[in-house]
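What's in data-v4.pdb: PDB, C-alpha atoms
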ATOM      1  CA  MET V  28       4.028  11.601  18.112
ATOM      2  CA  TYR V  29       3.376  13.481  14.880
ATOM      3  CA  ALA V  30       0.579  15.980  14.594
ATOM      4  CA  ARG V  31      -2.019  13.570  13.276
ATOM      5  CA  LEU V  32      -3.634  14.359   9.998
ATOM      6  CA  GLY V  33      -7.363  13.937   9.862
ATOM      7  CA  LEU V  34      -8.269  10.624   8.243
ATOM      8  CA  THR V  35      -9.840  12.511   5.337
ATOM      9  CA  GLU V  36      -6.609  14.401   4.640
ATOM     10  CA  LEU V  37      -4.505  11.296   5.190
ATOM     11  CA  GLY V  38      -6.890   9.248   3.050
ATOM     12  CA  ASP V  39      -6.621  11.823   0.255
ATOM     13  CA  ARG V  40      -2.804  11.687   0.367
ATOM     14  CA  LEU V  41      -2.799   7.889   0.404
ATOM     15  CA  ARG V  42      -5.407   7.660  -2.360
ATOM     16  CA  ALA V  43      -3.219   9.903  -4.560
ATOM     17  CA  ALA V  44      -0.297   7.537  -3.905
ATOM     18  CA  TYR V  45      -2.365   4.450  -4.768
ATOM     19  CA  ASP V  46      -3.594   6.146  -7.943
ATOM     20  CA  GLY V  47       0.018   6.973  -8.766
ATOM     21  CA  PHE V  48       1.031   3.358  -8.208
ATOM     22  CA  GLY V  49      -1.466   2.281 -10.857
ATOM     23  CA  ARG V  50       0.015   4.822 -13.283
ATOM     24  CA  ARG V  51       3.549   3.720 -12.347
ATOM     25  CA  ASP V  52       4.120   7.270 -11.092
ATOM     26  CA  ILE V  53       6.899   6.498  -8.657
ATOM     27  CA  ASP V  54       7.151  10.091  -7.403
ATOM     28  CA  ALA V  55       3.472  10.040  -6.349
ATOM     29  CA  VAL V  56       4.073   6.838  -4.363
ATOM     30  CA  LEU V  57       7.315   8.011  -2.760
ATOM     31  CA  ALA V  58       5.711  11.317  -1.723
ATOM     32  CA  VAL V  59       3.905   9.548   1.147
ATOM     33  CA  MET V  60       6.770   7.164   2.031
ATOM     34  CA  ASP V  61       9.487   7.617   4.625
ATOM     35  CA  PRO V  62      12.912   7.446   2.927
ATOM     36  CA  ASP V  63      13.664   4.350   5.030
ATOM     37  CA  ILE V  64      10.341   2.577   4.405
ATOM     38  CA  GLN V  65      10.125  -1.165   4.978
ATOM     39  CA  TRP V  66       7.920  -2.713   2.242
ATOM     40  CA  ASP V  67       6.982  -6.258   3.247
ATOM     41  CA  ALA V  68       5.378  -8.286   0.466
ATOM     42  CA  THR V  69       6.446 -11.682   1.851
ATOM     43  CA  ASP V  70       2.807 -12.781   2.174
ATOM     44  CA  ALA V  71       1.742 -11.576  -1.288
ATOM     45  CA  LEU V  72       0.532 -14.068  -3.874
ATOM     46  CA  ALA V  73       2.930 -12.651  -6.471
ATOM     47  CA  HIS V  74       5.828 -10.192  -6.497
ATOM     48  CA  THR V  75       6.943 -11.325  -3.057
ATOM     49  CA  GLY V  76       9.875 -10.073  -1.039
ATOM     50  CA  ARG V  77      11.090  -7.356   1.276
ATOM     51  CA  TYR V  78      12.107  -3.995  -0.084
ATOM     52  CA  GLU V  79      13.834  -1.188   1.783
ATOM     53  CA  GLY V  80      13.820   2.538   1.252
ATOM     54  CA  HIS V  81      12.761   4.549  -1.737
ATOM     55  CA  ALA V  82      15.149   2.554  -3.940
ATOM     56  CA  GLY V  83      13.470  -0.701  -2.890
ATOM     57  CA  VAL V  84       9.967   0.639  -3.541
ATOM     58  CA  THR V  85      11.113   1.885  -6.945
ATOM     59  CA  GLU V  86      12.572  -1.556  -7.718
ATOM     60  CA  TYR V  87       9.301  -3.226  -6.688
ATOM     61  CA  ILE V  88       7.142  -0.974  -8.861
ATOM     62  CA  GLN V  89       9.462  -1.308 -11.842
ATOM     63  CA  SER V  90       9.449  -5.114 -11.480
ATOM     64  CA  LEU V  91       5.697  -5.097 -12.120
ATOM     65  CA  SER V  92       6.221  -3.776 -15.638
ATOM     66  CA  GLY V  93       7.530  -7.128 -16.830
ATOM     67  CA  ALA V  94       4.562  -9.043 -15.412
ATOM     68  CA  TRP V  95       1.683  -6.698 -16.250
ATOM     69  CA  GLN V  96       0.592  -5.002 -19.466
ATOM     70  CA  GLU V  97      -1.577  -2.733 -17.331
ATOM     71  CA  TYR V  98      -2.902  -2.579 -13.793
ATOM     72  CA  HIS V  99      -5.072  -0.277 -11.717
ATOM     73  CA  LEU V 100      -5.368  -0.067  -7.954
ATOM     74  CA  ASN V 101      -8.659   1.078  -6.516
ATOM     75  CA  ALA V 102      -8.174   1.777  -2.822
ATOM     76  CA  GLU V 103     -11.742   1.608  -1.543
ATOM     77  CA  GLN V 104     -11.418   1.883   2.233
ATOM     78  CA  PHE V 105      -8.961   3.528   4.628
ATOM     79  CA  THR V 106      -9.415   2.745   8.325
ATOM     80  CA  GLU V 107      -7.173   4.276  10.959
ATOM     81  CA  SER V 108      -6.264   2.339  14.113
ATOM     82  CA  ALA V 109      -7.198   3.668  17.529
ATOM     83  CA  ASP V 110      -3.566   4.687  18.153
ATOM     84  CA  GLY V 111      -3.514   6.693  14.909
ATOM     85  CA  LEU V 112      -0.276   5.072  13.792
ATOM     86  CA  HIS V 113      -1.688   2.412  11.469
ATOM     87  CA  VAL V 114      -4.007   2.513   8.478
ATOM     88  CA  LEU V 115      -5.778  -0.493   6.991
ATOM     89  CA  VAL V 116      -6.252  -0.119   3.232
ATOM     90  CA  LEU V 117      -8.666  -2.398   1.389
ATOM     91  CA  GLY V 118      -9.252  -2.354  -2.322
ATOM     92  CA  LYS V 119      -9.182  -4.048  -5.669
ATOM     93  CA  VAL V 120      -6.520  -4.474  -8.340
ATOM     94  CA  THR V 121      -7.567  -4.988 -11.940
ATOM     95  CA  GLY V 122      -5.478  -5.332 -15.029
ATOM     96  CA  LYS V 123      -4.002  -7.504 -17.714
ATOM     97  CA  LEU V 124      -0.973  -9.728 -17.250
ATOM     98  CA  ALA V 125       1.847  -9.782 -19.790
ATOM     99  CA  ASP V 126       0.338 -12.955 -21.298
ATOM    100  CA  GLY V 127      -2.980 -11.161 -21.896
ATOM    101  CA  GLN V 128      -4.910 -12.729 -18.992
ATOM    102  CA  ASP V 129      -7.343 -10.376 -17.274
ATOM    103  CA  VAL V 130      -6.978 -10.167 -13.500
ATOM    104  CA  GLU V 131      -9.264  -8.858 -10.781
ATOM    105  CA  ALA V 132      -8.294  -9.410  -7.141
ATOM    106  CA  ARG V 133      -8.808  -7.878  -3.709
ATOM    107  CA  PHE V 134      -5.903  -6.435  -1.742
ATOM    108  CA  ALA V 135      -5.314  -5.591   1.913
ATOM    109  CA  HIS V 136      -2.419  -3.475   3.148
ATOM    110  CA  VAL V 137      -1.454  -2.288   6.604
ATOM    111  CA  LEU V 138       0.474   0.966   6.723
ATOM    112  CA  GLU V 139       2.452   2.055   9.751
ATOM    113  CA  MET V 140       2.886   5.806   9.945
ATOM    114  CA  ASN V 141       5.936   7.570  11.397
ATOM    115  CA  GLU V 142       6.095  10.748  13.479
ATOM    116  CA  ASP V 143       6.226  12.843  10.287
ATOM    117  CA  GLY V 144       2.998  11.356   8.924
ATOM    118  CA  LYS V 145       4.810   9.277   6.297
ATOM    119  CA  VAL V 146       4.438   5.534   5.685
ATOM    120  CA  ALA V 147       7.321   3.859   7.538
ATOM    121  CA  ARG V 148       6.183   0.273   6.890
ATOM    122  CA  LEU V 149       3.794  -1.298   4.404
ATOM    123  CA  LYS V 150       2.652  -4.887   4.908
ATOM    124  CA  VAL V 151       0.944  -6.670   2.020
ATOM    125  CA  CYS V 152      -1.613  -9.125   3.439
ATOM    126  CA  LEU V 153      -3.504 -11.939   1.751
ATOM    127  CA  ASP V 154      -6.911 -10.714   2.868
ATOM    128  CA  ARG V 155      -8.819  -8.448   5.241
ATOM    129  CA  GLU V 156      -8.617 -10.925   8.122
ATOM    130  CA  ALA V 157      -4.823 -11.189   7.834
ATOM    131  CA  ALA V 158      -4.596  -7.396   7.706
ATOM    132  CA  LEU V 159      -6.742  -7.043  10.829
ATOM    133  CA  ARG V 160      -4.318  -9.331  12.666
ATOM    134  CA  GLU V 161      -1.528  -6.894  11.741
ATOM    135  CA  MET V 162      -3.452  -3.940  13.161
ATOM    136  CA  PRO V 163      -3.300  -2.877  16.811
ATOM    137  CA  ALA V 164      -6.563  -2.290  18.650
ATOM    138  CA  SER V 165      -8.724  -0.896  15.909
ATOM    139  CA  ASN V 166     -12.141   0.268  14.954
ATOM    140  CA  ALA V 167     -11.619  -1.543  11.617
ATOM    141  CA  ARG V 168     -13.482  -4.672  12.690
TER     142      ARG V 168
END

What's the structure tokens form of this structure?
Amino acid sequence: MYARLGLTELGDRLRAAYDGFGRRDIDAVLAVMDPDIQWDATDALAHTGRYEGHAGVTEYIQSLSGAWQEYHLNAEQFTESADGLHVLVLGKVTGKLADGQDVEARFAHVLEMNEDGKVARLKVCLDREAALREMPASNAR
């Protein structure tokens, strides 16, 4: 098992990646991702699908440009599972769609960390309850 980062340090790294996502800074996002990441957005309300590796994550982020004029992710809570290998991320996305409609929605992601402390799998969930079902035994309840 990797030498676990403290949740504060891990949270800071993940927050920088989420901030980068909102700026469409692909390098900031990929910095915390394993090169072979599995990005599972099959349960998302929009922009669904499965994406693999850095190329897949890049494709996903770039696909948002056609649908959104602007968007911002505010990751509000990071909760590590008892095994230290999963992180529940809760937050809010705000922005403006390409058609000018303002959007504000909650998001829930479950991140699975690898032995190097990188995100090996990201699961987009519909809500907090769905994300909790993806987590192993956790103090996130």

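Using all atoms listed in the file, the smallest distance between any of V:Gly144, V:Gly76, V:Pro62, V:Pro163 and V:Leu41 comes from V:Gly144.
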
Counting only C-alpha atoms, which residues of stretch 37-76 of chain V sit at most 9 Å from some atom of stretch 101-105 of chain V, and what is each one's closest atom pair with its distance in Å to one decimal, listed by chain and rising residue number, as a Markdown table?
| residue | atom | partner | partner_atom | distance |
| --- | --- | --- | --- | --- |
| V:Leu37 | CA | V:Phe105 | CA | 9.0 |
| V:Gly38 | CA | V:Phe105 | CA | 6.3 |
| V:Leu41 | CA | V:Phe105 | CA | 8.7 |
| V:Arg42 | CA | V:Ala102 | CA | 6.5 |
| V:Tyr45 | CA | V:Ala102 | CA | 6.7 |
| V:Asp46 | CA | V:Asn101 | CA | 7.3 |
| V:Gly49 | CA | V:Asn101 | CA | 8.5 |

Dump of C-alpha atoms for the selected residues, as a compact mmCIF listing (two decimals), in the frame of the given file:
# COMPACT_ATOMS: atom_id res chain seq x y z
CA LEU V 37 -4.50 11.30 5.19
CA GLY V 38 -6.89 9.25 3.05
CA LEU V 41 -2.80 7.89 0.40
CA ARG V 42 -5.41 7.66 -2.36
CA TYR V 45 -2.37 4.45 -4.77
CA ASP V 46 -3.59 6.15 -7.94
CA GLY V 49 -1.47 2.28 -10.86

* Asked: Of the residues V:Leu115, V:Val120, V:Leu100, V:Val146, which is the one nearest to V:Met60, using only C-alpha atoms?
  -> V:Val146

* Asked: Can you tell me, as a list in words, which residues sit within 12 Å of (-3.6, -2.8, 15.8) in the file's frame, using all atoms listed in the file?
  ->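 The residues that fall inside the cut-off are Thr106, Glu107, Ser108, Ala109, Asp110, Gly111, Leu112, His113, Val114, Leu115, Val137, Leu138, Glu139, Ala157, Ala158, Leu159, Arg160, Glu161, Met162, Pro163, Ala164, Ser165, Asn166, Ala167 and Arg168 of chain V.
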
* Compare V:Val130, V:Leu149, V:Leu91, V:Ala73 by their minimum atom-to-atom distance to V:Arg50, counting all atoms listed in the file, and give me the closest one. => V:Leu91

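Distance annotation: of V:Thr69, V:Asn141, V:Gln128, V:Thr85, the residue with the minimal separation from V:Asp54 is V:Thr85; atom set is all atoms listed in the file.
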
* To do: Rank nothing, just name the residue among V:Ile88, V:Gln96, V:Asp67, V:His81 nearest to V:Asp52, using all atoms listed in the file.
  =>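 Checking each candidate against V:Asp52, we get V:Ile88 as the closest.
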
* Distance of atom CA of V:Ser92 from atom CA of V:Ala132, expressed in Å to one decimal place -> 17.7 Å

* Asked: Between atom CA of V:Gly118 and atom CA of V:Glu79, what is the distance, to one decimal in Å?
  ->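 The value is 23.5 Å.
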
Given the point (6.3, -9.1, -12.9) in the file's coordinates, find the residues that have an atom at most 12 Å from it, counting all atoms listed in the file, and give them as an mmCIF file with C-alpha atoms, keeping the file's coordinate frame.
data_model
loop_
_atom_site.group_PDB
_atom_site.id
_atom_site.type_symbol
_atom_site.label_atom_id
_atom_site.label_comp_id
_atom_site.auth_asym_id
_atom_site.auth_seq_id
_atom_site.Cartn_x
_atom_site.Cartn_y
_atom_site.Cartn_z
ATOM 1 C CA LEU V 72 0.532 -14.068 -3.874
ATOM 2 C CA ALA V 73 2.930 -12.651 -6.471
ATOM 3 C CA HIS V 74 5.828 -10.192 -6.497
ATOM 4 C CA THR V 75 6.943 -11.325 -3.057
ATOM 5 C CA GLU V 86 12.572 -1.556 -7.718
ATOM 6 C CA TYR V 87 9.301 -3.226 -6.688
ATOM 7 C CA ILE V 88 7.142 -0.974 -8.861
ATOM 8 C CA GLN V 89 9.462 -1.308 -11.842
ATOM 9 C CA SER V 90 9.449 -5.114 -11.480
ATOM 10 C CA LEU V 91 5.697 -5.097 -12.120
ATOM 11 C CA SER V 92 6.221 -3.776 -15.638
ATOM 12 C CA GLY V 93 7.530 -7.128 -16.830
ATOM 13 C CA ALA V 94 4.562 -9.043 -15.412
ATOM 14 C CA TRP V 95 1.683 -6.698 -16.250
ATOM 15 C CA GLN V 96 0.592 -5.002 -19.466
ATOM 16 C CA GLU V 97 -1.577 -2.733 -17.331
ATOM 17 C CA TYR V 98 -2.902 -2.579 -13.793
ATOM 18 C CA LYS V 123 -4.002 -7.504 -17.714
ATOM 19 C CA LEU V 124 -0.973 -9.728 -17.250
ATOM 20 C CA ALA V 125 1.847 -9.782 -19.790
ATOM 21 C CA ASP V 126 0.338 -12.955 -21.298
#

* Picked residues, the PyMOL selection byres ((chain V and resi 80) around 7), as a list in words -> Pro62, Asp63, Ile64, Gln65, Tyr78, Glu79, His81, Ala82, Gly83 and Val84 of chain V

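Picture a line from atom CA of V:Ala135 to atom CA of V:Ala68; it runs 11.1 Å.
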